[in-house]
Amino acid sequence: MSQEVMIDLLREAFTIALRLAAPLLLVSLTVGLIISIFQAATQIQEATLTFVPKLVIIGFTLILLANWMMTTMREFVVSHFGNMLNFM
């Protein structure tokens, strides 16, 4: 494999990793912001108040997006395993 092919493969892998992680990170950021505003307004400083809702909502989001995430990962792997046969 040439260096250009490897760089393109690595760039595509990072792009897919970012696309797969972005929805979960955005949901976590949004929930964290909402809970922080709630804590500031009520002056409740409980550590579990931030952890438990994030865990539940991220789990729910992961369940909703699991099919899309697996399809995206499978397409990437299948396409590049097929390309590896060309280089052998």
# chains A, B, ... in the order shown; residues from 1 in each chain; ligands from 1
>>> residues_around(residues="range 25-36 of chain A", least_positions_apart="6", cutoff="10 Å", atoms="only C-alpha atoms", output="ChimeraX atom specification")
/A:18,42-45,49-51,53-55,57-58,61
>>> atom_distance(atom1="CA of Ile16 in chain A", atom2="CA of Val52 in chain A")
28.1 Å
>>> decode(residues="range 5-73 of chain A", atoms="C-alpha atoms", output="PDB file, in the first residue's frame")
ATOM      1  CA  VAL A   5      -3.715   5.153   0.386  1.00  0.00           C
ATOM      2  CA  MET A   6      -2.825   4.732   4.051  1.00  0.00           C
ATOM      3  CA  ILE A   7      -3.373   8.434   4.754  1.00  0.00           C
ATOM      4  CA  ASP A   8      -6.768   8.317   3.023  1.00  0.00           C
ATOM      5  CA  LEU A   9      -7.718   5.216   5.014  1.00  0.00           C
ATOM      6  CA  LEU A  10      -6.699   6.869   8.278  1.00  0.00           C
ATOM      7  CA  ARG A  11      -8.542  10.084   7.384  1.00  0.00           C
ATOM      8  CA  GLU A  12     -11.696   8.131   6.571  1.00  0.00           C
ATOM      9  CA  ALA A  13     -11.410   6.143   9.808  1.00  0.00           C
ATOM     10  CA  PHE A  14     -11.134   9.348  11.862  1.00  0.00           C
ATOM     11  CA  THR A  15     -14.064  10.887   9.993  1.00  0.00           C
ATOM     12  CA  ILE A  16     -16.264   7.867  10.661  1.00  0.00           C
ATOM     13  CA  ALA A  17     -15.206   7.779  14.317  1.00  0.00           C
ATOM     14  CA  LEU A  18     -16.173  11.444  14.632  1.00  0.00           C
ATOM     15  CA  ARG A  19     -19.513  10.881  12.888  1.00  0.00           C
ATOM     16  CA  LEU A  20     -20.295   7.973  15.219  1.00  0.00           C
ATOM     17  CA  ALA A  21     -19.260   9.765  18.408  1.00  0.00           C
ATOM     18  CA  ALA A  22     -20.775  13.180  17.618  1.00  0.00           C
ATOM     19  CA  PRO A  23     -24.443  12.381  18.394  1.00  0.00           C
ATOM     20  CA  LEU A  24     -23.583  10.871  21.771  1.00  0.00           C
ATOM     21  CA  LEU A  25     -21.260  13.742  22.651  1.00  0.00           C
ATOM     22  CA  LEU A  26     -23.825  16.354  21.629  1.00  0.00           C
ATOM     23  CA  VAL A  27     -26.550  14.671  23.695  1.00  0.00           C
ATOM     24  CA  SER A  28     -24.205  14.466  26.673  1.00  0.00           C
ATOM     25  CA  LEU A  29     -23.244  18.113  26.294  1.00  0.00           C
ATOM     26  CA  THR A  30     -26.855  19.225  26.036  1.00  0.00           C
ATOM     27  CA  VAL A  31     -27.988  17.211  29.051  1.00  0.00           C
ATOM     28  CA  GLY A  32     -25.001  18.426  31.073  1.00  0.00           C
ATOM     29  CA  LEU A  33     -25.786  22.038  30.199  1.00  0.00           C
ATOM     30  CA  ILE A  34     -29.447  21.684  31.144  1.00  0.00           C
ATOM     31  CA  ILE A  35     -28.584  20.011  34.444  1.00  0.00           C
ATOM     32  CA  SER A  36     -25.933  22.652  35.207  1.00  0.00           C
ATOM     33  CA  ILE A  37     -28.464  25.428  34.641  1.00  0.00           C
ATOM     34  CA  PHE A  38     -30.927  23.591  36.894  1.00  0.00           C
ATOM     35  CA  GLN A  39     -28.268  23.172  39.599  1.00  0.00           C
ATOM     36  CA  ALA A  40     -27.287  26.836  39.403  1.00  0.00           C
ATOM     37  CA  ALA A  41     -30.918  27.933  39.637  1.00  0.00           C
ATOM     38  CA  THR A  42     -31.743  25.690  42.597  1.00  0.00           C
ATOM     39  CA  GLN A  43     -28.284  25.683  44.234  1.00  0.00           C
ATOM     40  CA  ILE A  44     -28.357  21.891  44.501  1.00  0.00           C
ATOM     41  CA  GLN A  45     -24.803  20.563  44.263  1.00  0.00           C
ATOM     42  CA  GLU A  46     -25.314  16.825  44.058  1.00  0.00           C
ATOM     43  CA  ALA A  47     -22.815  14.815  41.991  1.00  0.00           C
ATOM     44  CA  THR A  48     -25.233  12.033  41.112  1.00  0.00           C
ATOM     45  CA  LEU A  49     -27.694  14.557  39.730  1.00  0.00           C
ATOM     46  CA  THR A  50     -25.404  15.041  36.718  1.00  0.00           C
ATOM     47  CA  PHE A  51     -24.273  11.449  36.325  1.00  0.00           C
ATOM     48  CA  VAL A  52     -27.500   9.452  36.368  1.00  0.00           C
ATOM     49  CA  PRO A  53     -29.544  11.467  33.825  1.00  0.00           C
ATOM     50  CA  LYS A  54     -26.577  11.572  31.427  1.00  0.00           C
ATOM     51  CA  LEU A  55     -26.123   7.828  31.740  1.00  0.00           C
ATOM     52  CA  VAL A  56     -29.801   7.126  31.093  1.00  0.00           C
ATOM     53  CA  ILE A  57     -30.162   9.525  28.168  1.00  0.00           C
ATOM     54  CA  ILE A  58     -26.906   8.438  26.512  1.00  0.00           C
ATOM     55  CA  GLY A  59     -27.983   4.807  26.880  1.00  0.00           C
ATOM     56  CA  PHE A  60     -31.342   5.622  25.294  1.00  0.00           C
ATOM     57  CA  THR A  61     -29.623   7.518  22.464  1.00  0.00           C
ATOM     58  CA  LEU A  62     -27.240   4.622  21.919  1.00  0.00           C
ATOM     59  CA  ILE A  63     -30.171   2.213  21.643  1.00  0.00           C
ATOM     60  CA  LEU A  64     -31.892   4.502  19.131  1.00  0.00           C
ATOM     61  CA  LEU A  65     -28.768   4.973  16.992  1.00  0.00           C
ATOM     62  CA  ALA A  66     -27.312   1.458  17.293  1.00  0.00           C
ATOM     63  CA  ASN A  67     -28.614   0.294  13.919  1.00  0.00           C
ATOM     64  CA  TRP A  68     -27.190   3.315  12.076  1.00  0.00           C
ATOM     65  CA  MET A  69     -23.872   3.053  13.921  1.00  0.00           C
ATOM     66  CA  MET A  70     -23.479  -0.649  13.170  1.00  0.00           C
ATOM     67  CA  THR A  71     -24.401  -0.141   9.516  1.00  0.00           C
ATOM     68  CA  THR A  72     -21.837   2.646   9.172  1.00  0.00           C
ATOM     69  CA  MET A  73     -19.080   0.599  10.812  1.00  0.00           C
TER      70      MET A  73
END
